[in-house]
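Reviewing the structure listed below.
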Amino acid sequence: MSVWPAWEVRDGAGATSWLGVRLEFGDGARVEALAVVGEGGVFIEDVKAVPALSLDDLAALADWIEDPLCRACGIPARADAGGAAASRARPAWP
């Protein structure tokens, strides 16, 4: 997976970053996405995939790229209400 900055908007409370993401698979399939990383988490703005993603894969895309994007932006892993790092069952990498 490769990640590169697209642009960033700063305000008095913090910053919101848009990042380009590319996933390439051994069979020639690829996914390119424009993701937004902010206080609320990771959000997908645009996706291009060859071949097209199934609805299940599209729904799981943010989960697949969330941790690498947060690391790229220097954002700590999400924590649960008790302060421990959240552990969600994530779908297997395709």
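Identifiers for the structure tokens are assigned positionally: chains receive A, B, ... in sequence, residues are indexed from 1 per chain, and ligands are indexed from 1 in the order shown.
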Practice problem: Pick out the residues sitting within 7 Å of Ser2 (chain A), and hand them over as JSON, numbers by chain; count only C-alpha atoms, and ignore anything fewer than 6 positions along from it in its own chain. | Solution: {"A": [21, 22, 23]}
Quiz prompt | helix (DSSP H, G or I) per DSSP on the backbone: members of region 15-62 of chain A, as a PyMOL selection string | solution = chain A and resi 55-62
Emit the selected residues as a short mmCIF file (atom, residue, chain, number, x, y, z; two decimals), in the first residue's frame, including C-alpha atoms.
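See again-v8.cif below for the written result:
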data_model
loop_
_atom_site.label_atom_id
_atom_site.label_comp_id
_atom_site.auth_asym_id
_atom_site.auth_seq_id
_atom_site.Cartn_x
_atom_site.Cartn_y
_atom_site.Cartn_z
CA LEU A 55 -20.21 -4.00 -2.02
CA ASP A 56 -18.72 -6.00 0.86
CA ASP A 57 -15.16 -5.04 -0.15
CA LEU A 58 -16.15 -1.40 -0.58
CA ALA A 59 -17.70 -1.40 2.90
CA ALA A 60 -14.47 -2.88 4.34
CA LEU A 61 -12.08 -0.53 2.49
CA ALA A 62 -11.91 2.10 5.26
#
Practice problem: Enumerate as a ChimeraX atom specification all residues of region 11-62 of chain A assigned to strand (DSSP E or B) by DSSP on the backbone, naming them with the chain letters and numbers the document uses. | Solution: /A:11,14-24,30-38,41-50
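Using only C-alpha atoms for every distance, the candidate list A:Pro5, A:Gly40, A:Arg71, A:Pro51 yields A:Pro5 as the residue closest to Gly20 (chain A).
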